[in-house]
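Visitor: My structure is stored as input.tsv, with TSV, C-alpha atoms and all ligand atoms.
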```
chain	number	residue	atom	x	y	z
A	408	ARG	CA	-22.97	15.80	17.52
A	409	GLY	CA	-20.63	13.96	15.24
A	410	LYS	CA	-17.17	12.72	15.87
A	411	ILE	CA	-13.76	12.84	14.22
A	412	TYR	CA	-11.71	9.67	13.80
A	413	LEU	CA	-8.01	9.82	12.97
A	414	VAL	CA	-7.43	6.59	11.07
A	415	ALA	CA	-3.90	5.25	10.52
A	416	THR	CA	-3.32	3.51	7.18
A	417	PRO	CA	-0.48	1.23	5.97
A	418	ILE	CA	3.01	2.63	5.23
A	419	GLY	CA	3.56	0.06	2.49
A	420	ASN	CA	1.95	-3.27	3.23
A	421	LEU	CA	-1.82	-3.25	2.78
A	422	SER	CA	-2.18	-6.16	5.20
A	423	ASP	CA	-1.33	-3.72	7.98
A	424	MET	CA	-4.73	-2.09	7.55
A	425	SER	CA	-6.59	-2.96	10.75
A	426	PRO	CA	-10.14	-4.38	10.70
A	427	ARG	CA	-11.23	-1.43	12.83
A	428	ALA	CA	-9.72	1.01	10.32
A	429	VAL	CA	-11.73	-0.64	7.52
A	430	ALA	CA	-14.93	-0.61	9.58
A	431	THR	CA	-14.44	3.02	10.62
A	432	LEU	CA	-13.91	4.15	7.03
A	433	ARG	CA	-16.95	2.17	5.88
A	434	GLU	CA	-19.20	3.58	8.56
A	435	ALA	CA	-18.07	7.21	8.42
A	436	ASP	CA	-20.26	9.80	6.68
A	437	LEU	CA	-17.21	11.33	5.06
A	438	ILE	CA	-13.51	10.54	4.60
A	439	ALA	CA	-11.15	13.53	4.63
A	440	ALA	CA	-8.10	12.36	2.68
A	441	GLU	CA	-4.75	14.05	2.06
A	442	ASP	CA	-4.82	12.94	-1.59
A	443	THR	CA	-8.07	11.44	-2.82
A	444	ARG	CA	-6.37	9.87	-5.89
A	445	ASN	CA	-4.10	7.95	-3.57
A	446	THR	CA	-6.74	6.98	-1.02
A	447	ILE	CA	-9.17	5.76	-3.69
A	448	LYS	CA	-6.83	2.78	-4.24
A	449	LEU	CA	-7.05	1.86	-0.58
A	450	LEU	CA	-10.83	2.28	-0.59
A	451	ASN	CA	-11.21	0.14	-3.71
A	452	HIS	CA	-9.00	-2.59	-2.24
A	453	PHE	CA	-11.11	-2.80	0.90
A	454	GLU	CA	-14.43	-2.19	-0.88
A	455	ILE	CA	-15.13	0.99	1.03
A	456	ARG	CA	-17.70	3.21	-0.70
A	457	THR	CA	-17.74	6.22	1.63
A	458	HIS	CA	-17.67	9.67	0.04
A	459	MET	CA	-14.30	11.48	0.11
A	460	THR	CA	-13.15	15.08	0.32
A	461	SER	CA	-9.59	16.37	0.12
A	462	TYR	CA	-7.91	17.74	3.21
A	463	HIS	CA	-4.30	18.67	2.65
A	464	GLU	CA	-1.49	21.01	3.60
A	465	TYR	CA	-2.79	23.85	1.41
A	466	ASN	CA	-6.43	23.99	2.46
A	467	ARG	CA	-5.92	22.78	6.00
A	468	THR	CA	-7.28	25.84	7.82
A	469	GLU	CA	-10.46	26.55	5.79
A	470	LYS	CA	-11.09	22.87	5.40
A	471	ALA	CA	-10.65	22.22	9.12
A	472	TYR	CA	-13.40	24.78	9.83
A	473	GLU	CA	-15.67	23.11	7.29
A	474	LEU	CA	-15.05	19.63	8.69
A	475	VAL	CA	-15.66	20.80	12.26
A	476	ARG	CA	-18.92	22.43	11.13
A	477	ARG	CA	-20.02	19.20	9.53
A	478	ALA	CA	-19.16	17.28	12.70
A	479	GLU	CA	-21.18	19.82	14.71
A	480	GLN	CA	-24.12	19.00	12.46
A	481	GLY	CA	-23.81	15.34	13.38
A	482	GLU	CA	-21.52	13.84	10.74
A	483	THR	CA	-18.86	11.27	11.54
A	484	ILE	CA	-15.64	12.18	9.76
A	485	ALA	CA	-12.67	9.87	9.25
A	486	VAL	CA	-9.29	11.48	8.50
A	487	VAL	CA	-6.60	9.61	6.57
A	488	THR	CA	-3.30	10.59	4.97
A	489	ASP	CA	-1.33	8.98	2.14
A	490	ALA	CA	0.42	6.67	4.59
A	491	GLY	CA	0.70	6.11	8.29
A	492	MET	CA	-0.56	8.23	11.14
A	493	PRO	CA	-2.50	11.42	10.43
A	494	ALA	CA	-1.14	14.54	12.16
A	495	ILE	CA	2.43	13.17	12.27
A	496	SER	CA	4.34	15.06	9.54
A	497	ASP	CA	1.00	14.99	7.76
A	498	PRO	CA	-2.27	16.95	7.85
A	499	GLY	CA	-4.45	16.56	10.93
A	500	GLU	CA	-2.90	18.68	13.68
A	501	VAL	CA	-4.91	21.83	12.94
A	502	LEU	CA	-8.14	19.89	12.54
A	503	VAL	CA	-7.67	18.17	15.91
A	504	ARG	CA	-7.11	21.50	17.62
A	505	PHE	CA	-10.15	23.14	16.02
A	506	ALA	CA	-12.33	20.14	16.80
A	507	LEU	CA	-11.30	20.06	20.45
A	508	ASP	CA	-11.85	23.83	20.70
A	509	ALA	CA	-15.37	23.31	19.35
A	510	GLY	CA	-16.05	20.51	21.80
A	511	ILE	CA	-16.12	17.79	19.12
A	512	GLU	CA	-14.89	14.39	20.22
A	513	VAL	CA	-11.70	13.27	18.48
A	514	THR	CA	-10.68	9.66	18.64
A	515	ILE	CA	-7.99	7.47	17.12
A	516	VAL	CA	-7.81	4.24	15.19
A	517	PRO	CA	-4.12	3.56	15.77
A	518	GLY	CA	-1.84	1.82	13.33
A	519	PRO	CA	1.44	2.18	11.43
A	520	CYS	CA	3.73	5.16	11.94
A	521	ALA	CA	7.09	5.17	10.15
A	522	ALA	CA	8.87	7.00	13.00
A	523	VAL	CA	8.01	4.62	15.81
A	524	SER	CA	8.33	1.53	13.59
A	525	ALA	CA	11.81	2.64	12.49
A	526	LEU	CA	12.88	3.32	16.06
A	527	ALA	CA	11.76	-0.13	17.18
A	528	VAL	CA	13.82	-1.97	14.52
A	529	SER	CA	16.74	0.47	14.45
A	530	GLY	CA	18.94	-1.17	17.06
A	531	GLN	CA	19.48	2.28	18.62
A	532	PRO	CA	18.47	3.04	22.23
A	533	THR	CA	14.68	3.29	22.46
A	534	GLY	CA	14.25	4.40	26.09
A	535	ARG	CA	14.18	8.12	25.37
A	536	PHE	CA	13.76	9.65	21.94
A	537	VAL	CA	12.82	12.82	20.08
A	538	PHE	CA	11.01	13.07	16.77
A	539	GLU	CA	12.45	15.80	14.56
A	540	ALA	CA	10.32	15.12	11.44
A	541	PHE	CA	11.91	16.70	8.33
A	542	LEU	CA	14.69	19.24	8.86
A	543	PRO	CA	13.64	22.69	7.59
A	544	GLN	CA	14.69	23.55	4.02
A	545	ASP	CA	15.34	27.21	4.81
A	546	LYS	CA	19.10	27.56	5.32
A	547	LYS	CA	18.99	29.61	8.50
A	548	GLU	CA	16.20	27.62	10.16
A	549	ARG	CA	18.03	24.44	9.25
A	550	ARG	CA	21.23	25.66	10.90
A	551	VAL	CA	19.34	26.60	14.08
A	552	ARG	CA	17.66	23.18	14.21
A	553	LEU	CA	20.94	21.33	13.61
A	554	GLU	CA	22.67	23.32	16.35
A	555	ALA	CA	19.84	22.48	18.74
A	556	LEU	CA	20.63	18.79	18.20
A	557	ARG	CA	24.34	19.10	19.00
A	558	ASP	CA	24.02	18.11	22.68
A	559	GLU	CA	20.89	15.98	22.38
A	560	THR	CA	21.31	12.82	24.48
A	561	ARG	CA	18.07	11.17	23.40
A	562	THR	CA	17.79	9.06	20.25
A	563	MET	CA	16.75	11.30	17.33
A	564	ILE	CA	14.27	10.26	14.65
A	565	LEU	CA	14.18	12.18	11.35
A	566	TYR	CA	12.35	11.76	8.07
A	567	GLU	CA	14.13	12.50	4.81
A	568	ALA	CA	13.44	12.31	1.09
A	569	PRO	CA	15.90	10.08	-0.81
A	570	HIS	CA	17.27	12.86	-3.03
A	571	ARG	CA	18.21	14.91	0.04
A	572	LEU	CA	19.59	12.08	2.15
A	573	ALA	CA	23.29	12.38	1.25
A	574	ARG	CA	23.36	16.12	1.94
A	575	THR	CA	21.43	15.77	5.20
A	576	LEU	CA	23.81	13.06	6.42
A	577	ALA	CA	26.80	15.30	5.68
A	578	GLU	CA	25.28	18.24	7.56
A	579	LEU	CA	24.29	16.12	10.55
A	580	ALA	CA	27.78	14.59	10.68
A	581	GLU	CA	29.29	18.06	10.87
A	582	VAL	CA	27.31	18.85	14.01
A	583	LEU	CA	27.14	15.44	15.70
A	584	GLY	CA	30.58	14.13	14.72
A	585	ARG	CA	31.50	11.47	12.18
A	586	GLN	CA	31.81	8.75	14.81
A	587	ARG	CA	28.19	8.98	15.94
A	588	GLN	CA	26.16	5.81	15.34
A	589	LEU	CA	22.92	5.79	13.39
A	590	SER	CA	20.53	3.53	11.55
A	591	LEU	CA	19.11	4.16	8.09
A	592	VAL	CA	15.76	2.42	8.06
A	593	ARG	CA	14.34	2.05	4.60
A	594	GLU	CA	11.13	0.90	2.89
A	595	LEU	CA	9.46	-0.45	6.03
A	596	THR	CA	6.90	-3.20	5.41
A	597	LYS	CA	7.80	-3.27	1.69
A	598	LYS	CA	9.83	-5.64	-0.47
A	599	HIS	CA	13.11	-3.79	0.01
A	600	GLU	CA	12.79	-3.18	3.74
A	601	GLU	CA	16.25	-2.75	5.23
A	602	VAL	CA	17.98	-1.53	8.38
A	603	GLN	CA	21.58	-0.39	7.91
A	604	ARG	CA	23.62	0.51	10.96
A	605	GLY	CA	26.93	2.33	11.14
A	606	SER	CA	28.68	5.60	11.88
A	607	PHE	CA	28.18	8.78	9.87
A	608	SER	CA	31.70	8.18	8.60
A	609	HIS	CA	30.63	4.80	7.18
A	610	PHE	CA	27.60	6.23	5.36
A	611	LEU	CA	29.45	9.31	4.10
A	612	GLN	CA	32.08	7.07	2.51
A	613	ARG	CA	29.43	4.83	1.06
A	614	TYR	CA	27.50	7.70	-0.53
A	615	ALA	CA	30.56	9.76	-1.47
A	616	ASP	CA	30.30	9.11	-5.21
A	617	GLU	CA	27.62	8.85	-7.90
A	618	ALA	CA	27.53	5.05	-7.77
A	619	GLY	CA	27.00	5.09	-4.01
A	620	ARG	CA	24.31	7.74	-4.19
A	621	ALA	CA	22.49	5.71	-6.86
A	622	GLU	CA	21.83	3.14	-4.14
A	623	ILE	CA	19.69	5.64	-2.22
A	624	ARG	CA	16.16	4.67	-3.22
A	625	GLY	CA	12.82	4.52	-1.46
A	626	GLU	CA	11.58	5.99	1.79
A	627	TYR	CA	13.97	6.55	4.67
A	628	VAL	CA	13.88	7.21	8.39
A	629	LEU	CA	17.10	8.21	10.15
A	630	VAL	CA	17.47	6.99	13.71
A	631	ILE	CA	20.50	8.58	15.34
A	632	ALA	CA	21.96	7.69	18.72
A	633	GLY	CA	22.04	10.60	21.15
A	634	LYS	CA	25.27	11.99	22.57
A	635	SER	CA	26.41	9.76	25.41
A	636	GLU	CA	26.26	11.25	28.93
A	637	ALA	CA	29.98	10.45	29.28
A	638	GLU	CA	30.81	12.44	26.15
A	639	LEU	CA	28.69	15.34	27.32
A	640	ARG	CA	30.39	15.39	30.74
A	641	ALA	CA	33.86	15.13	29.19
A	642	GLU	CA	33.08	18.12	26.94
A	643	GLU	CA	31.76	20.12	29.89
A	644	ALA	CA	34.89	19.32	31.91
A	645	GLU	CA	37.06	20.39	28.99
A	646	ALA	CA	35.16	23.67	28.62
A	647	PHE	CA	35.50	24.28	32.37
A	648	ALA	CA	39.25	23.63	32.27
A	649	ASP	CA	39.58	26.29	29.55
A	650	LEU	CA	38.11	29.00	31.79
A	651	THR	CA	40.37	31.46	33.61
A	652	PRO	CA	40.48	31.11	37.45
A	653	ALA	CA	38.29	34.22	37.82
A	654	GLU	CA	35.63	32.69	35.58
A	655	HIS	CA	35.77	29.48	37.65
A	656	VAL	CA	34.76	31.43	40.73
A	657	ALA	CA	31.94	33.17	38.88
B	1	LIG	N1	2.32	10.26	8.76
B	1	LIG	C1	3.36	9.36	8.29
B	1	LIG	C2	3.71	8.38	9.40
B	1	LIG	O1	2.94	8.20	10.33
B	1	LIG	O2	4.77	7.75	9.33
B	1	LIG	C3	4.58	10.12	7.80
B	1	LIG	C4	4.35	10.95	6.58
B	1	LIG	S1	5.74	11.82	6.00
B	1	LIG	C5	5.00	12.94	4.87
B	1	LIG	C6	6.52	10.71	4.91
B	1	LIG	C7	7.88	10.25	5.40
B	1	LIG	O3	7.72	9.15	6.31
B	1	LIG	C8	8.80	9.71	4.30
B	1	LIG	O4	9.52	10.76	3.69
B	1	LIG	C9	9.71	8.79	5.07
B	1	LIG	O5	10.72	9.52	5.73
B	1	LIG	C10	8.75	8.22	6.13
B	1	LIG	N2	8.15	6.96	5.66
B	1	LIG	C11	6.87	6.76	5.27
B	1	LIG	N3	6.68	5.46	4.93
B	1	LIG	C12	7.86	4.83	5.13
B	1	LIG	C13	8.31	3.47	4.97
B	1	LIG	N4	7.50	2.53	4.51
B	1	LIG	N5	9.59	3.20	5.30
B	1	LIG	C14	10.43	4.16	5.75
B	1	LIG	N6	10.05	5.44	5.91
B	1	LIG	C15	8.79	5.77	5.61
```
Go ahead and render the structure in this file as structure tokens.
Guide:
Amino acid sequence: RGKIYLVATPIGNLSDMSPRAVATLREADLIAAEDTRNTIKLLNHFEIRTHMTSYHEYNRTEKAYELVRRAEQGETIAVVTDAGMPAISDPGEVLVRFALDAGIEVTIVPGPCAAVSALAVSGQPTGRFVFEAFLPQDKKERRVRLEALRDETRTMILYEAPHRLARTLAELAEVLGRQRQLSLVRELTKKHEEVQRGSFSHFLQRYADEAGRAEIRGEYVLVIAGKSEAELRAEEAEAFADLTPAEHVA
């Protein structure tokens, strides 16, 4: 029986490619890549000649079956995405499930992940956190997700595309309050890597006009402080004080 390797690749700086990642890709029978045109550059750089097949969002179910079948026949398959950790806001999740269901061994070659890297450098509390990936685009689903974050006390990590950042910040500020602290972590491991810290109010002012929004370039992770326990308790006490005496008893 073959095996499936999830192989993390750099999120910007090619030197972050681990020696084990290179060896695994070289020795695999097949590389399943999110975008073969993108991954070919990585393979050329590291002189990896392994055959590739595409495995992306749109063929993930049929392709997962095919890859599991090939693993059952003895092939070793390495899975990579365009950047970072497979299966984290990227293809891989379905394949892992199918492979485990079929009794195929799945193993990991760990490496960069934008979410965890951003959290570590963000300056926000790291003890407890939740990963929220990208907020949904559908209006109703987005509202539901935002509301679910209102009383979140853990640090929240979100991905966002640059052209949607200003709008997402405004919507989050509405729910979490303009005073809440956050970090915008940008272009990790690249030339313009930057961590900016401040309140929603600070960022909303900064990106309020065209000139400000023109500064939003590159890849971003939002790392937002959770609601403080003190704030949560104060709000609960306030809500309790608003109840009628009969409701207090109930
Ligand atoms: N699987 C990837 C990982 O492990 O980080 C995430 C893929 S997701 C489709 C792409 C998003 O990750 C971007 O929109 C951005 O929010 C974040 N991202 C990826 N590379 C980044 C970098 N170098 N700096 C900051 N954020 C990055």
Visitor: Which of these, A:Pro517, A:Gly481, A:Gly625, A:Gly633, has the shortest distance to Glu594 of chain A once you count all atoms listed in the file?
Guide: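 Ranked by minimum distance to Glu594 of chain A, first place goes to A:Gly625.
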Visitor: Once you count all atoms listed in the file, which residues end up within 7 Å of ligand LIG 1 (chain B), and could you hand them over as a ChimeraX atom specification?
Guide: /A:418-419,488,490-497,519-522,566-568,592-597,626-628
Visitor: Determine, counting all atoms listed in the file, every residue of protein, DNA or RNA that lies within 12 Å of (18.3, 0.8, 11.2) in the file coordinates, then give the result as a VMD selection string.
Guide: chain A and resid 522 to 532 564 588 to 595 600 to 606 627 to 632
Visitor: Between atom CA of Leu437 of chain A and atom CA of Thr483 of chain A, what is the spacing in Å?
Guide: 6.7 Å
Visitor: Quote the spacing between atom CA of Thr514 of chain A and atom CA of Glu464 of chain A in Å to one decimal place.
Guide: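 Value for the atom CA of Thr514 of chain A-atom CA of Glu464 of chain A distance: 21.0 Å.
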Visitor: Find, counting all atoms listed in the file, the residue in A:Val582, A:Ala644, A:Ile438, A:Ala573 that gets nearest to Ala555 of chain A.
Guide: A:Val582
Visitor: Find the residue from A:Glu638, A:Asp649, A:Asp442, A:Glu622 that sits nearest to Leu572 of chain A; use all atoms listed in the file when measuring.
Guide: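 Using all atoms listed in the file, Leu572 of chain A sits closest to A:Glu622.
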Visitor: For Leu449 of chain A, please output as an NGL selection string all residues within 10 Å (counting all atoms listed in the file; exclusion window: fewer than 3 positions along the same chain).
Guide: :A and (416-417 or 421 or 424 or 429 or 443-446 or 452-455 or 489)
Visitor: Please reconstruct the missing atoms of segment 540-570 of chain A (target: N, CA and C atoms) and return them as an mmCIF file, keeping the file's coordinate frame.
Guide:
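The new file result09.cif reads:
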```cif
data_model
loop_
_atom_site.group_PDB
_atom_site.id
_atom_site.type_symbol
_atom_site.label_atom_id
_atom_site.label_comp_id
_atom_site.auth_asym_id
_atom_site.auth_seq_id
_atom_site.Cartn_x
_atom_site.Cartn_y
_atom_site.Cartn_z
ATOM 1 N N ALA A 540 10.995 15.040 12.743
ATOM 2 C CA ALA A 540 10.320 15.120 11.440
ATOM 3 C C ALA A 540 11.320 15.405 10.315
ATOM 4 N N PHE A 541 10.972 16.303 9.386
ATOM 5 C CA PHE A 541 11.910 16.700 8.330
ATOM 6 C C PHE A 541 12.673 17.925 8.811
ATOM 7 N N LEU A 542 13.965 18.000 8.532
ATOM 8 C CA LEU A 542 14.690 19.240 8.860
ATOM 9 C C LEU A 542 14.155 20.348 7.953
ATOM 10 N N PRO A 543 14.141 21.603 8.441
ATOM 11 C CA PRO A 543 13.640 22.690 7.590
ATOM 12 C C PRO A 543 14.518 22.857 6.342
ATOM 13 N N GLN A 544 13.924 23.313 5.251
ATOM 14 C CA GLN A 544 14.690 23.550 4.020
ATOM 15 C C GLN A 544 15.381 24.914 4.044
ATOM 16 N N ASP A 545 14.751 25.878 4.718
ATOM 17 C CA ASP A 545 15.340 27.210 4.810
ATOM 18 C C ASP A 545 16.703 27.109 5.507
ATOM 19 N N LYS A 546 17.711 27.729 4.872
ATOM 20 C CA LYS A 546 19.100 27.560 5.320
ATOM 21 C C LYS A 546 19.316 27.939 6.776
ATOM 22 N N LYS A 547 18.767 29.102 7.152
ATOM 23 C CA LYS A 547 18.990 29.610 8.500
ATOM 24 C C LYS A 547 18.251 28.746 9.542
ATOM 25 N N GLU A 548 16.996 28.453 9.237
ATOM 26 C CA GLU A 548 16.200 27.620 10.160
ATOM 27 C C GLU A 548 16.846 26.251 10.330
ATOM 28 N N ARG A 549 17.397 25.764 9.230
ATOM 29 C CA ARG A 549 18.030 24.440 9.250
ATOM 30 C C ARG A 549 19.255 24.455 10.177
ATOM 31 N N ARG A 550 20.028 25.504 10.069
ATOM 32 C CA ARG A 550 21.230 25.660 10.900
ATOM 33 C C ARG A 550 20.844 25.678 12.391
ATOM 34 N N VAL A 551 19.808 26.471 12.694
ATOM 35 C CA VAL A 551 19.340 26.600 14.080
ATOM 36 C C VAL A 551 18.900 25.227 14.611
ATOM 37 N N ARG A 552 18.162 24.495 13.797
ATOM 38 C CA ARG A 552 17.660 23.180 14.210
ATOM 39 C C ARG A 552 18.823 22.210 14.417
ATOM 40 N N LEU A 553 19.782 22.232 13.492
ATOM 41 C CA LEU A 553 20.940 21.330 13.610
ATOM 42 C C LEU A 553 21.715 21.632 14.885
ATOM 43 N N GLU A 554 21.923 22.926 15.137
ATOM 44 C CA GLU A 554 22.670 23.320 16.350
ATOM 45 C C GLU A 554 21.952 22.845 17.614
ATOM 46 N N ALA A 555 20.626 22.888 17.565
ATOM 47 C CA ALA A 555 19.840 22.480 18.740
ATOM 48 C C ALA A 555 20.014 20.983 19.020
ATOM 49 N N LEU A 556 20.473 20.245 18.016
ATOM 50 C CA LEU A 556 20.630 18.790 18.200
ATOM 51 C C LEU A 556 22.023 18.416 18.690
ATOM 52 N N ARG A 557 22.928 19.387 18.688
ATOM 53 C CA ARG A 557 24.340 19.100 19.000
ATOM 54 C C ARG A 557 24.515 18.333 20.312
ATOM 55 N N ASP A 558 23.837 18.754 21.366
ATOM 56 C CA ASP A 558 24.020 18.110 22.680
ATOM 57 C C ASP A 558 22.856 17.201 23.065
ATOM 58 N N GLU A 559 22.061 16.827 22.089
ATOM 59 C CA GLU A 559 20.890 15.980 22.380
ATOM 60 C C GLU A 559 21.364 14.584 22.836
ATOM 61 N N THR A 560 20.902 14.151 23.990
ATOM 62 C CA THR A 560 21.310 12.820 24.480
ATOM 63 C C THR A 560 20.268 11.751 24.166
ATOM 64 N N ARG A 561 19.086 12.171 23.755
ATOM 65 C CA ARG A 561 18.070 11.170 23.400
ATOM 66 C C ARG A 561 18.261 10.715 21.945
ATOM 67 N N THR A 562 17.755 9.545 21.638
ATOM 68 C CA THR A 562 17.790 9.060 20.250
ATOM 69 C C THR A 562 16.933 9.996 19.397
ATOM 70 N N MET A 563 17.455 10.347 18.200
ATOM 71 C CA MET A 563 16.750 11.300 17.330
ATOM 72 C C MET A 563 16.182 10.579 16.102
ATOM 73 N N ILE A 564 14.927 10.876 15.815
ATOM 74 C CA ILE A 564 14.270 10.260 14.650
ATOM 75 C C ILE A 564 13.973 11.361 13.641
ATOM 76 N N LEU A 565 14.440 11.184 12.403
ATOM 77 C CA LEU A 565 14.180 12.180 11.350
ATOM 78 C C LEU A 565 13.651 11.498 10.106
ATOM 79 N N TYR A 566 12.798 12.212 9.385
ATOM 80 C CA TYR A 566 12.350 11.760 8.070
ATOM 81 C C TYR A 566 13.217 12.459 7.039
ATOM 82 N N GLU A 567 13.449 11.804 5.895
ATOM 83 C CA GLU A 567 14.130 12.500 4.810
ATOM 84 C C GLU A 567 13.788 11.889 3.458
ATOM 85 N N ALA A 568 13.690 12.765 2.460
ATOM 86 C CA ALA A 568 13.440 12.310 1.090
ATOM 87 C C ALA A 568 14.748 11.752 0.531
ATOM 88 N N PRO A 569 14.677 10.733 -0.329
ATOM 89 C CA PRO A 569 15.900 10.080 -0.810
ATOM 90 C C PRO A 569 16.873 11.036 -1.506
ATOM 91 N N HIS A 570 16.351 11.984 -2.290
ATOM 92 C CA HIS A 570 17.270 12.860 -3.030
ATOM 93 C C HIS A 570 17.976 13.866 -2.127
#
```
